[in-house]
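Peer 1: Sharing a structure with you now.
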Amino acid sequence: MKQRIVVMGVAGCGKSTIGIELARFLSLPFLEGDHFHPKANVEWMAQGRPLNDDMRRPWLDRIAEQIKAAPDGGIVVSCSALKRSYRDRLRTAGDVVFIHIAVPRDVLVQRMTGRDHFMPVSLLDSQLETLEPLAPDEKGVVIDGELPITRMIERVVAVLPMSSASIE
């Protein structure tokens with residue numbers, strides 16, 4: 001069975017960049033989780049206001065539906081998945097592996113500054129405060145988001161049960 005992988009972390013950590021490359025390497029489809037936010041959520045965040053749990057639920061449910069419907073069961077999705085409860089909601093789609101991309105705050109600010117995205121830098125601290133690290137009983141791994149992309153992919157692939165590939 002192919003892997004269901006969620007690349008998680010706060011804004012600016014590189015979820016989409018890593019997710020796209022990981023999906024390409026594993027020959028799996030990639031899904032940008034931000035595309036599943038209701039318009040009201042995007043507008044809310046663009047105004048510098050953090051989402052609450054009630055606002056996140058429909059978004060997480062949409063992503064879970066996409067994971068569950070993935071062809072051959074394999075998919076890579078970018079999604080902040082900041083709290084255990086959010087990850088539990090995504091796990092309703094089946095067995096999911098979480099790849100947490102960890103990056104220091106100063107690097108996140110630098111990455112977010114000037115990028116064309118609805119999420120303003122002003123919401124970063126809210127996300128960092130909300131972030132709950134993966135618990136020991138959660139299937140996943142924390143990856144240093146400052147490593148070169150190929151090294152990050154190698155580390156992810158090394159922990160996936162189905163894969164023994166390496167990157168040249």
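The chains in the structure tokens are called A, B, ... from first to last as shown; in each chain the residues are counted from 1, and the ligands are counted from 1 in the order shown.
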Compile the contact shell of Arg87 (chain A) as a tab-separated table (two decimals) with C-alpha atoms, in the first residue's frame: residues with an atom at most 12 Å away, counting only C-alpha atoms, same-chain residues fewer than 3 positions apart removed.
Peer 2:
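Final output, saved to part_4.tsv:
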```
chain	number	residue	atom	x	y	z
A	5	ILE	CA	1.87	11.58	3.93
A	6	VAL	CA	1.07	14.96	5.48
A	7	VAL	CA	3.90	17.49	5.44
A	8	MET	CA	3.16	19.69	8.44
A	9	GLY	CA	4.44	22.74	10.27
A	56	ARG	CA	-10.38	24.82	10.91
A	57	ARG	CA	-12.71	21.81	11.12
A	60	LEU	CA	-9.38	19.62	7.86
A	61	ASP	CA	-12.40	17.52	6.87
A	63	ILE	CA	-8.31	17.50	3.35
A	64	ALA	CA	-9.16	14.20	5.07
A	79	CYS	CA	-1.22	21.00	5.88
A	80	SER	CA	-0.14	22.86	9.00
A	81	ALA	CA	-1.72	20.17	11.24
A	82	LEU	CA	-0.58	22.19	14.25
A	83	LYS	CA	-2.47	20.35	16.99
A	84	ARG	CA	-2.83	16.69	17.86
A	90	LEU	CA	-6.77	13.89	9.31
A	91	ARG	CA	-6.18	10.32	10.52
A	92	THR	CA	-9.88	9.60	9.98
A	93	ALA	CA	-8.82	9.15	6.34
A	94	GLY	CA	-6.66	6.15	7.25
A	95	ASP	CA	-3.06	5.49	8.20
A	96	VAL	CA	-1.20	8.80	7.83
A	97	VAL	CA	2.50	9.60	8.31
A	98	PHE	CA	3.27	13.16	9.47
A	99	ILE	CA	6.47	14.90	8.40
A	100	HIS	CA	6.98	17.93	10.65
A	131	LEU	CA	1.92	24.05	17.51
A	132	GLU	CA	1.87	20.77	19.43
A	133	PRO	CA	4.87	18.56	18.63
A	134	LEU	CA	4.26	15.04	17.38
A	135	ALA	CA	3.65	12.73	20.34
A	138	GLU	CA	2.03	9.44	16.46
A	139	LYS	CA	3.45	8.03	13.25
A	140	GLY	CA	5.84	10.64	11.93
```
Peer 1: Which of chain A end up as strand (DSSP E or B) when DSSP is run on this backbone - answer as a ChimeraX atom specification?
Peer 2: /A:4-8,30-32,75-78,97-102,140-144
Peer 1: Could you work out how far CA of Asp72 (chain A) lies from CA of Ala11 (chain A), giving the answer in Å with one decimal?
Peer 2: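 If I compute the distance from CA of Ala11 (chain A) to CA of Asp72 (chain A), I get 29.4 Å.
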Peer 1: If you run DSSP on the backbone, which residues of chain A are alpha helix (DSSP H), as a PyMOL selection string?
Peer 2: chain A and resi 15-26+39-46+53-68+84-90+105-112+124-130+149-159
Peer 1: Go ahead and save the residues from that selection, with C-alpha atoms, as a JSON list (two decimals), in the first residue's frame.
Peer 2:
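Generated output (out16.json):
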```json
[["chain", "number", "residue", "atom", "x", "y", "z"],
["A", 15, "LYS", "CA", 5.59, 22.39, 3.53],
["A", 16, "SER", "CA", 4.65, 22.96, -0.10],
["A", 17, "THR", "CA", 8.21, 22.96, -1.42],
["A", 18, "ILE", "CA", 9.11, 19.74, 0.40],
["A", 19, "GLY", "CA", 5.73, 18.18, -0.32],
["A", 20, "ILE", "CA", 6.02, 18.75, -4.06],
["A", 21, "GLU", "CA", 9.53, 17.29, -4.17],
["A", 22, "LEU", "CA", 8.63, 14.33, -1.97],
["A", 23, "ALA", "CA", 5.58, 13.55, -4.10],
["A", 24, "ARG", "CA", 7.69, 13.73, -7.26],
["A", 25, "PHE", "CA", 10.32, 11.43, -5.76],
["A", 26, "LEU", "CA", 7.73, 8.89, -4.60],
["A", 39, "LYS", "CA", -12.87, 31.63, 1.22],
["A", 40, "ALA", "CA", -13.96, 33.10, 4.55],
["A", 41, "ASN", "CA", -10.94, 31.50, 6.28],
["A", 42, "VAL", "CA", -8.51, 32.95, 3.74],
["A", 43, "GLU", "CA", -10.03, 36.42, 4.10],
["A", 44, "TRP", "CA", -9.96, 36.10, 7.90],
["A", 45, "MET", "CA", -6.25, 35.19, 7.94],
["A", 46, "ALA", "CA", -5.38, 37.83, 5.34],
["A", 53, "ASP", "CA", -10.72, 25.31, 15.95],
["A", 54, "ASP", "CA", -14.29, 25.68, 14.63],
["A", 55, "MET", "CA", -12.99, 27.50, 11.55],
["A", 56, "ARG", "CA", -10.38, 24.82, 10.91],
["A", 57, "ARG", "CA", -12.71, 21.81, 11.12],
["A", 58, "PRO", "CA", -14.31, 22.08, 7.65],
["A", 59, "TRP", "CA", -10.87, 22.66, 6.12],
["A", 60, "LEU", "CA", -9.38, 19.62, 7.86],
["A", 61, "ASP", "CA", -12.40, 17.52, 6.87],
["A", 62, "ARG", "CA", -11.96, 18.50, 3.21],
["A", 63, "ILE", "CA", -8.31, 17.50, 3.35],
["A", 64, "ALA", "CA", -9.16, 14.20, 5.07],
["A", 65, "GLU", "CA", -11.69, 13.47, 2.30],
["A", 66, "GLN", "CA", -9.00, 14.05, -0.33],
["A", 67, "ILE", "CA", -6.54, 11.81, 1.50],
["A", 68, "LYS", "CA", -9.15, 9.06, 1.74],
["A", 84, "ARG", "CA", -2.83, 16.69, 17.86],
["A", 85, "SER", "CA", -6.61, 17.06, 17.49],
["A", 86, "TYR", "CA", -6.13, 18.35, 13.92],
["A", 87, "ARG", "CA", -3.88, 15.41, 13.09],
["A", 88, "ASP", "CA", -6.44, 13.04, 14.64],
["A", 89, "ARG", "CA", -9.04, 14.54, 12.32],
["A", 90, "LEU", "CA", -6.77, 13.89, 9.31],
["A", 105, "ARG", "CA", 11.46, 31.55, 14.09],
["A", 106, "ASP", "CA", 13.96, 34.03, 12.62],
["A", 107, "VAL", "CA", 14.29, 31.91, 9.47],
["A", 108, "LEU", "CA", 10.50, 31.62, 9.21],
["A", 109, "VAL", "CA", 10.13, 35.41, 9.41],
["A", 110, "GLN", "CA", 12.76, 35.83, 6.70],
["A", 111, "ARG", "CA", 11.03, 33.29, 4.44],
["A", 112, "MET", "CA", 7.58, 34.79, 4.97],
["A", 124, "LEU", "CA", 3.46, 33.39, 12.83],
["A", 125, "ASP", "CA", 3.63, 33.72, 16.62],
["A", 126, "SER", "CA", 0.04, 32.50, 16.93],
["A", 127, "GLN", "CA", 0.94, 29.42, 14.91],
["A", 128, "LEU", "CA", 4.08, 28.78, 16.95],
["A", 129, "GLU", "CA", 2.04, 29.01, 20.17],
["A", 130, "THR", "CA", -0.59, 26.63, 18.77],
["A", 149, "ILE", "CA", 15.84, 19.69, 0.00],
["A", 150, "THR", "CA", 17.56, 16.51, -1.18],
["A", 151, "ARG", "CA", 18.77, 15.79, 2.37],
["A", 152, "MET", "CA", 15.28, 16.36, 3.76],
["A", 153, "ILE", "CA", 13.80, 13.98, 1.19],
["A", 154, "GLU", "CA", 16.44, 11.36, 2.03],
["A", 155, "ARG", "CA", 15.56, 11.58, 5.72],
["A", 156, "VAL", "CA", 11.85, 11.29, 5.05],
["A", 157, "VAL", "CA", 12.30, 8.33, 2.70],
["A", 158, "ALA", "CA", 14.49, 6.61, 5.30],
["A", 159, "VAL", "CA", 11.62, 6.55, 7.80]]
```
Peer 1: Quick one, how far is CA of Leu123 (chain A) from CA of Gln47 (chain A)?
Peer 2: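 Going from CA of Leu123 (chain A) over to CA of Gln47 (chain A) covers 9.7 Å.
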Peer 1: Compile the contact shell of Gly145 (chain A) as a list of chain:residue names: residues with an atom at most 6 Å away, counting only C-alpha atoms, same-chain residues fewer than 4 positions apart removed.
Peer 2: A:Ile101, A:Ala102, A:Val103
Peer 1: Go ahead and write the residues just picked, C-alpha atoms, as a compact mmCIF listing (two decimals), in the first residue's frame.
Peer 2:
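What landed in again00.txt:
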```txt
# COMPACT_ATOMS: atom_id res chain seq x y z
CA ILE A 101 9.28 20.51 9.07
CA ALA A 102 10.92 22.41 11.94
CA VAL A 103 12.53 25.80 11.28
```
Peer 1: At what distance in Å, to one decimal, does CA of Gly14 (chain A) lie from CA of Pro161 (chain A)?
Peer 2: 23.1 Å
